[in-house]
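To keep things clear, I will list the structure first and then write my remarks on it.
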Amino acid sequence: MKFTDLHVAIAGGGSTYTPGIVQAMLHNSDRFPVSKITLYDIDEKRNEDMKLIVKYMLENDGYDNVELNATLDPEEAFTGCDFVFSQIRVGGMEMREKDEKIPLSHGLVGQETCGVGGFSYGLRSIKGLLGVVGYVQEYSPDAWILNYTNPETLIAEAIRRQFPNAHMLNACDMTISIEETMARNFGYDRKNWIAQYYGLNHFGWYTSIYDKSLQRDVMPELIEKLRKAPMKIASFNKGDHSWQDAWNKLSKILDYFPDYLPNNYLEYYFFPDIVVEETDSNHTRANMVMDGRLKNTKEMATKIRNKAEGEVLDFDFGEHGQYIVDMATSILNDSHERFMLIQPNMGAIPNLRQDAVVEIPTYVGRLGAEPISMRHPINDFHKGLMEAQNAAEKLLVDGYFEGSYQKVLEAFTLNQTVPSADKAKEVLDDLIIANKGYWPELH
């Protein structure tokens with residue numbers, strides 16, 4: 001790996017999150033000296049729009065020396081790269097909308113990473129990301145792949161099976177988004193926090209949040225604040241009003257289970273009936289994103305094309321971009337910074353199966369991830385929830401590689417948002433039709 005003149009390829013370059021990642025790279029050029037950025041996507045129009053936006057950023061911030069490319073050719077994208085930041089969305093927002101609305105038509109949770117909608121997205125994402133990792137192994141096998149592509153646990157399980165030697169870290173920004181939102185709401189500085197957390201992706205709990213400046217665990221006071229009043233939406237989620245409902249549900253979970261601070265996505269498993277009842281099946285979060293971030297990105301590109309004056313760029317993604325750049329920097333400089341990563345358990349949670357893919361604190365250096373062991377068993381309530389979810393996820397990945405309808409049906413039935421095998425089969429059969437060409441053939 002080079003220490004200067006880094007080449008970074010962004011897989012899913014047309015994503016609305018790309019400007020935040022580029023901004024983080026530029027603002028950390030002293031620690032992460034990038035000289036070439038390649039945007040790789042299969043959607044030419046979105047990739048070209050993003051190239052226009054990123055070019056504008058480079059010119060306005062005085063980074064004319066950074067080479068910028070946009071391509072649909074994987075060989076061009078990944079040859080000679082040092083890092084690959086992956087944020088692909090197989091099927092785009094159109095398929096996300098189906099992931100959300102088809103389950104809702106059966107009275108089930110419709111969500112992009114949780115429930116059967118998440119499983120639908122997972123079967124598409126596995127195929128897409130295996131392709132990206134395969135290209136990187138062919139064209140730049142020493143490159144580090146830092147993955148944001150969802151659903152993370154399913155992705156990590158599949159990549160581990162097919163490419164066990166790939167240099168890859170799987171990370172989710174949800175924990176830092178929760179932390180950043182709490183910090184902004186209640187007057188803390190998240191940079192002072194050392195969080196202890198365990199679970200599966202979008203399925204976990206904080207056990208403590210130590211504040212270095214205050215020299216104490218602030219989690220008990222955070223729980224008390226959240227039980228008194230839900231958080232308000234932070235600026236990086238502005239325009240997506242569904243987040244307020246998520247923060248309301250987080251406080252509701254704490255009313256029932258106040259000992260640990262949960263990931264807000266657990267609402268889909270604890271209150272699936274309430275979520276379905278309160279969801280507008282005609283206008284889901286996919287529609288909100290299309291009306292929000294996607295529309296906003298198109299408008300920015302149009303303004304740049306038309307040489308509009310005044311403020312053109314409008315984005316705040318919180319810590320999303322900074323988090324992935326910090327991981328890359330920690331690898332590059334062997335600085336062993338601490339991150340929440342998704343990886344095989346291997347004893348980190350002592351009373352959970354060894355091959356479970358878990359989300360836990362991890363130090364990151366030149367050799368990759370070094371998990372932090374919890375040392376103590378987790379309680380039976382959390383363990384039971386995690387074991388059922390983990391088994392469902394492993395069955396789904398089995399179903400992908402084996403082309404097994406039976407395994408996928410078992411995964412759908414075991415998913416804790418599904419009340420019966422009848423419902424599981426009905427929604428699975430509809431999703432097979434909707435995902436024709438995206439999923440493997442199931443027999």
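Going through the structure tokens in order, the chains are called A, B, and so on, while each chain numbers its residues from 1 and the ligands are numbered from 1 in the order shown.
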
Counting only C-alpha atoms, what is within 8 Å of region 32-36 of chain A, bar same-chain residues fewer than 4 positions away, as a VMD selection string?
chain A and resid 3 to 8 25 to 26 28 65 to 69 325 328 to 329 332

Generate a file of the selected residues that holds C-alpha atoms, formatted as a short mmCIF file (atom, residue, chain, number, x, y, z; two decimals), in the first residue's frame.
```cif
data_model
loop_
_atom_site.label_atom_id
_atom_site.label_comp_id
_atom_site.auth_asym_id
_atom_site.auth_seq_id
_atom_site.Cartn_x
_atom_site.Cartn_y
_atom_site.Cartn_z
CA PHE A 3 1.49 6.12 1.90
CA THR A 4 1.04 9.05 -0.50
CA ASP A 5 -0.82 9.61 -3.77
CA LEU A 6 -3.66 7.34 -2.73
CA HIS A 7 -6.19 6.13 -5.27
CA VAL A 8 -9.68 5.69 -3.80
CA MET A 25 -11.22 12.86 2.43
CA LEU A 26 -10.38 16.43 1.45
CA ASN A 28 -8.25 15.00 6.17
CA ASN A 65 -4.49 18.49 -8.03
CA VAL A 66 -6.85 15.58 -7.22
CA GLU A 67 -7.63 13.51 -10.32
CA LEU A 68 -11.31 12.64 -10.71
CA ASN A 69 -12.80 9.91 -12.90
CA VAL A 325 -12.29 7.95 6.14
CA ALA A 328 -9.02 4.11 6.15
CA THR A 329 -6.68 6.48 7.97
CA LEU A 332 -2.95 3.56 6.56
#
```

Could you pull out the strand (DSSP E or B) residues of region 92-327 of chain A, going by DSSP on the backbone, and write them as a compact mmCIF listing (two decimals) with N, CA and C atoms, in the first residue's frame?
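And here is the file that came out, result-v7.txt:
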```
# COMPACT_ATOMS: atom_id res chain seq x y z
N TRP A 144 -7.76 -2.33 0.28
CA TRP A 144 -8.69 -2.49 1.39
C TRP A 144 -10.09 -2.06 0.95
N ILE A 145 -11.07 -2.93 1.21
CA ILE A 145 -12.46 -2.62 0.90
C ILE A 145 -13.16 -2.25 2.20
N LEU A 146 -13.66 -1.04 2.28
CA LEU A 146 -14.42 -0.59 3.45
C LEU A 146 -15.87 -0.50 3.02
N ASN A 147 -16.69 -1.33 3.63
CA ASN A 147 -18.04 -1.54 3.13
C ASN A 147 -19.12 -0.90 3.99
N MET A 168 -11.02 -6.61 4.00
CA MET A 168 -12.33 -5.96 4.01
C MET A 168 -12.82 -5.70 5.43
N LEU A 169 -13.37 -4.51 5.64
CA LEU A 169 -14.03 -4.17 6.88
C LEU A 169 -15.49 -3.81 6.57
N ASN A 170 -16.39 -4.32 7.38
CA ASN A 170 -17.81 -4.02 7.23
C ASN A 170 -18.24 -3.13 8.38
N ALA A 171 -18.74 -1.96 8.04
CA ALA A 171 -19.11 -0.98 9.07
C ALA A 171 -20.48 -0.41 8.77
N TRP A 193 -16.56 10.21 23.71
CA TRP A 193 -17.21 8.98 24.17
C TRP A 193 -16.43 7.72 23.80
N ILE A 194 -16.43 6.76 24.72
CA ILE A 194 -15.96 5.40 24.45
C ILE A 194 -17.16 4.50 24.72
N ALA A 195 -17.72 3.96 23.63
CA ALA A 195 -18.96 3.20 23.75
C ALA A 195 -18.68 1.70 23.81
N GLN A 196 -19.38 1.02 24.70
CA GLN A 196 -19.39 -0.44 24.75
C GLN A 196 -20.73 -0.90 24.18
N TYR A 197 -20.67 -1.80 23.21
CA TYR A 197 -21.88 -2.16 22.45
C TYR A 197 -21.73 -3.58 21.95
N TYR A 198 -22.84 -4.29 21.86
CA TYR A 198 -22.80 -5.62 21.22
C TYR A 198 -24.13 -5.89 20.54
N GLY A 199 -24.09 -6.76 19.55
CA GLY A 199 -25.31 -7.17 18.86
C GLY A 199 -25.01 -7.66 17.47
N LEU A 200 -26.06 -7.74 16.67
CA LEU A 200 -25.95 -7.94 15.24
C LEU A 200 -26.17 -6.57 14.60
N PHE A 203 -29.25 -4.36 15.38
CA PHE A 203 -29.89 -5.30 16.31
C PHE A 203 -28.99 -5.44 17.53
N GLY A 204 -28.82 -4.34 18.30
CA GLY A 204 -27.87 -4.41 19.39
C GLY A 204 -28.16 -3.43 20.51
N TRP A 205 -27.25 -3.41 21.50
CA TRP A 205 -27.44 -2.63 22.72
C TRP A 205 -26.12 -2.04 23.20
N TYR A 206 -26.20 -0.81 23.72
CA TYR A 206 -25.08 -0.23 24.45
C TYR A 206 -25.11 -0.72 25.89
N THR A 207 -23.94 -1.05 26.42
CA THR A 207 -23.83 -1.42 27.83
C THR A 207 -23.21 -0.30 28.66
N SER A 208 -22.48 0.60 28.02
CA SER A 208 -21.98 1.80 28.69
C SER A 208 -21.49 2.78 27.64
N ILE A 209 -21.48 4.06 28.00
CA ILE A 209 -20.90 5.11 27.15
C ILE A 209 -20.07 5.99 28.08
N TYR A 210 -18.77 5.75 28.11
CA TYR A 210 -17.88 6.50 29.01
C TYR A 210 -17.49 7.81 28.35
N ASP A 211 -17.66 8.91 29.08
CA ASP A 211 -17.29 10.23 28.58
C ASP A 211 -15.95 10.61 29.20
N ARG A 216 -16.92 9.74 33.46
CA ARG A 216 -17.96 8.86 34.01
C ARG A 216 -18.75 8.24 32.86
N ASP A 217 -19.46 7.18 33.21
CA ASP A 217 -20.38 6.53 32.28
C ASP A 217 -21.65 7.37 32.21
N LEU A 261 -29.20 0.65 26.52
CA LEU A 261 -29.64 1.59 25.49
C LEU A 261 -29.68 0.86 24.15
N PRO A 262 -30.85 0.72 23.52
CA PRO A 262 -30.96 -0.13 22.33
C PRO A 262 -30.68 0.64 21.03
```

As a list of chain:residue names, please: the residues near Arg227 (chain A) (cut-off 7 Å, only C-alpha atoms, same-chain neighbours under 4 positions excluded).
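Once the nearby chain positions are removed, what remains is A:Ile223, A:Ser251, A:Leu254, A:Asp255.
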
Could you name the residues that touch region 352-369 of chain A at 9 Å or less, counting only C-alpha atoms, but leaving out those on the same chain fewer than 2 positions away, as number ranges by chain?
A: 144, 153-154, 156-157, 167-169, 171-172, 195-204, 327-350, 371-374, 377-378, 383, 386-387, 390-391, 394

May I ask for the distance between CA of Tyr260 (chain A) and CA of Leu226 (chain A), given in Å to one decimal place?
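CA of Leu226 (chain A) lies 11.9 Å from CA of Tyr260 (chain A).
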
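In this comparison, which uses only C-alpha atoms, the residue of A:His320, A:Gly107, A:Thr149, A:Arg89 approaching Ile178 (chain A) most closely is A:His320.
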
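Closest approach to Ser140 (chain A) from the set A:Ala229, A:Ala9, A:Val276, A:Leu222 is made by A:Ala9, with distances taken over only C-alpha atoms.
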
Could you jot down the CA of Thr181 (chain A) to CA of Asn237 (chain A) separation for me, Å, one decimal place?
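CA of Asn237 (chain A) lies at a distance of 9.5 Å from CA of Thr181 (chain A).
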
At what distance in Å, to one decimal, does CA of Leu442 (chain A) lie from CA of Ile155 (chain A)?
18.8 Å

The residue from A:Leu130, A:Ala301, A:Leu108, A:Ala24 with the smallest atom-to-atom distance to Arg46 (chain A), counting only C-alpha atoms, is A:Ala301

Residue neighbourhood Ala11 (chain A), 8 Å, only C-alpha atoms, exclusion window fewer than 3 positions, as a list of chain:residue names
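Selected residues are A:Leu39, A:Tyr40, A:Asp41, A:Val84, A:Phe85, A:Ser86, A:Gln87, A:Ile88, A:Val132.
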
Counting only C-alpha atoms, the residue of A:Glu267, A:Tyr256, A:Asp429, A:Tyr135 that sits nearest Gly115 (chain A)
A:Glu267

Name the closest residue to Lys45 (chain A) among the candidates A:Pro258, A:Pro19, A:Gly122, A:Gly13; distances are taken between atoms, counting only C-alpha atoms.
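Using only C-alpha atoms, Lys45 (chain A) sits closest to A:Gly13.
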
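Residue nearest Pro419 (chain A), chosen from A:Lys228, A:Val109, A:Phe315, A:Leu214 and counting only C-alpha atoms: A:Val109.
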
Would you pick out the contacts of His27 (chain A) at 12 Å or less, using only C-alpha atoms, so that residues sharing its chain but fewer than 6 positions from it are not included, and give the list as a list in words?
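The contact residues come out as Gly20, Ile21, Pro33, Val34, Met57, Leu58, Asp61, Gly62, Tyr63, Gly321, Gln322, Val325 and Asp326 of chain A.
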
Please save C-alpha atoms of the selected residues as an mmCIF file, in the first residue's frame.
```cif
data_model
loop_
_atom_site.group_PDB
_atom_site.id
_atom_site.type_symbol
_atom_site.label_atom_id
_atom_site.label_comp_id
_atom_site.auth_asym_id
_atom_site.auth_seq_id
_atom_site.Cartn_x
_atom_site.Cartn_y
_atom_site.Cartn_z
ATOM 1 C CA GLY A 20 -19.913 13.621 2.373
ATOM 2 C CA ILE A 21 -17.236 10.966 1.860
ATOM 3 C CA PRO A 33 -3.265 12.065 1.064
ATOM 4 C CA VAL A 34 -5.649 11.129 -1.752
ATOM 5 C CA MET A 57 -16.257 20.593 -4.691
ATOM 6 C CA LEU A 58 -12.647 19.984 -5.704
ATOM 7 C CA ASP A 61 -12.012 23.879 -2.113
ATOM 8 C CA GLY A 62 -8.714 24.314 -3.976
ATOM 9 C CA TYR A 63 -8.033 20.632 -4.696
ATOM 10 C CA GLY A 321 -18.234 10.231 5.520
ATOM 11 C CA GLN A 322 -15.826 10.992 8.356
ATOM 12 C CA VAL A 325 -12.287 7.954 6.139
ATOM 13 C CA ASP A 326 -11.197 7.559 9.777
#
```

Distance query Val312 (chain A) at most 12 Å, only C-alpha atoms, self and fewer than 2 positions along chain excluded, as a ChimeraX atom specification:
/A:52-53,56-57,60,296-310,314-315
